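Chemist: query23.txt is the file, holding compact mmCIF, C-alpha atoms:
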```txt
# COMPACT_ATOMS: atom_id res chain seq x y z
CA MET A 1 113.86 107.24 241.19
CA GLY A 2 114.10 110.21 243.55
CA LYS A 3 116.46 108.32 245.86
CA LYS A 4 118.79 107.50 242.98
CA ARG A 5 119.05 111.18 242.03
CA LYS A 6 119.64 112.21 245.65
CA LYS A 7 122.38 109.59 246.02
CA LYS A 8 124.05 110.84 242.81
CA ARG A 9 124.09 114.42 244.14
CA ASP A 10 125.47 113.26 247.48
CA THR A 11 128.28 111.36 245.76
CA THR A 12 129.14 114.40 243.63
CA ALA A 13 129.20 116.63 246.72
CA ILE A 14 131.57 114.20 248.48
CA TYR A 15 133.92 114.17 245.46
CA GLU A 16 133.84 117.97 245.25
CA ASP A 17 134.74 118.22 248.95
CA LEU A 18 137.55 115.67 248.67
CA TYR A 19 138.92 117.18 245.49
CA SER A 20 138.48 120.89 246.16
CA ASP A 21 141.35 121.65 243.77
CA MET A 22 139.11 120.41 240.91
CA ASP A 23 135.76 121.46 239.51
CA GLY A 24 133.60 120.92 236.44
CA THR A 25 136.03 122.87 234.27
CA PHE A 26 139.44 122.27 235.83
CA ALA A 27 141.29 119.01 236.55
CA PHE A 28 143.64 121.08 238.70
CA ILE A 29 142.92 124.55 240.05
CA ALA A 30 146.29 126.25 240.49
CA GLY A 31 144.86 129.42 242.01
CA TYR A 32 142.34 132.21 241.76
CA THR A 33 142.52 135.63 240.16
CA SER A 34 142.02 138.74 242.30
CA GLY A 35 138.42 138.69 241.09
CA GLY A 36 137.95 135.13 242.37
CA ALA A 37 137.98 133.28 239.02
CA PRO A 38 139.82 129.93 239.11
CA TYR A 39 142.68 129.16 236.73
CA GLY A 40 144.61 125.98 236.09
CA VAL A 41 144.61 122.89 233.88
CA THR A 42 141.31 121.98 232.19
CA TRP A 43 139.92 118.48 231.80
CA GLU A 44 140.43 118.73 228.03
CA GLN A 45 144.10 119.60 228.52
CA VAL A 46 144.63 116.33 230.41
CA GLY A 47 142.69 114.39 227.76
CA ILE A 48 139.44 113.83 229.66
CA ASP A 49 136.00 114.67 228.27
CA SER A 50 134.57 117.54 230.33
CA ASP A 51 131.03 116.27 229.69
CA LEU A 52 131.59 113.16 231.84
CA PRO A 53 130.17 113.08 235.38
CA PHE A 54 132.54 114.66 237.93
CA ASP A 55 133.28 111.41 239.78
CA GLU A 56 134.18 109.70 236.48
CA LYS A 57 136.52 112.55 235.51
CA VAL A 58 138.23 112.30 238.91
CA ARG A 59 138.61 108.52 238.56
CA LEU A 60 140.15 108.82 235.09
CA TYR A 61 142.48 111.61 236.21
CA ARG A 62 143.68 109.60 239.21
CA GLU A 63 144.32 106.63 236.88
CA GLN A 64 146.41 108.88 234.64
CA LEU A 65 148.44 110.18 237.57
CA THR A 66 149.02 106.66 238.91
CA THR A 67 150.12 105.39 235.50
CA GLN A 68 152.47 108.35 235.01
CA SER A 69 153.98 107.82 238.46
CA LYS A 70 154.61 104.13 237.73
CA ILE A 71 156.28 104.98 234.42
CA GLN A 72 158.50 107.57 236.10
CA LEU A 73 159.51 105.10 238.80
CA GLU A 74 160.33 102.44 236.20
CA GLU A 75 162.41 104.93 234.22
CA ALA A 76 164.24 106.02 237.38
CA GLU A 77 165.09 102.39 238.18
CA GLU A 78 166.75 102.08 234.78
CA LEU A 79 169.23 104.89 235.48
CA PRO A 80 172.77 103.63 236.03
CA PHE A 81 174.28 104.67 239.34
CA ASP A 82 177.79 103.77 240.48
```
Any chance you could put this one into structure tokens?

Modeler:
Amino acid sequence: MGKKRKKKRDTTAIYEDLYSDMDGTFAFIAGYTSGGAPYGVTWEQVGIDSDLPFDEKVRLYREQLTTQSKIQLEEAEELPFD
């Protein structure tokens, strides 16, 4: 059981390193105040439960971004150009 917990922490640390513009509160950290507090878009604002594990929140957010990108590309293809 100890190994499973250690692996879970290692996975979370990897995700946090890869996605340094995210944290437990923010899906996207736009910047930091002069006092060092992050600000940006929260998980709730993008429609993702903040109580989910970090790697699950990242997965869901990436899915949302991919879906939105595909929709935008499809809409752009429908535009009439002469």

Chemist: Could you tell me how far atom CA of Leu52 of chain A sits from atom CA of Ile71 of chain A, in Å to one decimal place?

Modeler: 26.1 Å

Chemist: Skip Tyr61 of chain A itself and residues of its chain fewer than 6 positions away, then list as an NGL selection string all residues within 10 Å of it, counting all atoms listed in the file.

Modeler: :A and (27-28 or 43 or 46-48 or 55 or 67)

Chemist: Write out the residues from the selection above, keeping C-alpha atoms, as a short mmCIF file (atom, residue, chain, number, x, y, z; two decimals), in the coordinates of the input.

Modeler:
```cif
data_model
loop_
_atom_site.label_atom_id
_atom_site.label_comp_id
_atom_site.auth_asym_id
_atom_site.auth_seq_id
_atom_site.Cartn_x
_atom_site.Cartn_y
_atom_site.Cartn_z
CA ALA A 27 141.29 119.01 236.55
CA PHE A 28 143.64 121.08 238.70
CA TRP A 43 139.92 118.48 231.80
CA VAL A 46 144.63 116.33 230.41
CA GLY A 47 142.69 114.39 227.76
CA ILE A 48 139.44 113.83 229.66
CA ASP A 55 133.28 111.41 239.78
CA THR A 67 150.12 105.39 235.50
#
```

Chemist: Would you please work out which residue, of A:Gln64, A:Gly36, A:Ser50, A:Gln45, is nearest to Gly24 of chain A when using all atoms listed in the file?

Modeler: A:Ser50

Chemist: Between A:Val58, A:Pro53, A:Gly35, A:Glu44, which one has atoms that come closest to Met22 of chain A, using all atoms listed in the file?

Modeler: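 Selected residue with least distance to Met22 of chain A: A:Val58.
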
Chemist: Using all atoms of segment 16-35 of chain A listed in the file and a margin of 3 Å per side, can you give the axis-aligned box centre and edge lengths in Å to one decimal, as lines of an AutoDock Vina configuration file?

Modeler:
```
center_x = 139.9
center_y = 127.2
center_z = 241.6
size_x = 18.7
size_y = 29.1
size_z = 20.7
```

Chemist: Suppose you want the space between atom CA of Ile29 of chain A and atom CA of Thr42 of chain A; what is it in Å?

Modeler: 8.4 Å

Chemist: Mind giving me the straight-line distance from atom CA of Thr66 of chain A to atom CA of Tyr32 of chain A in Å, one decimal?

Modeler: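 It comes out at 26.6 Å.
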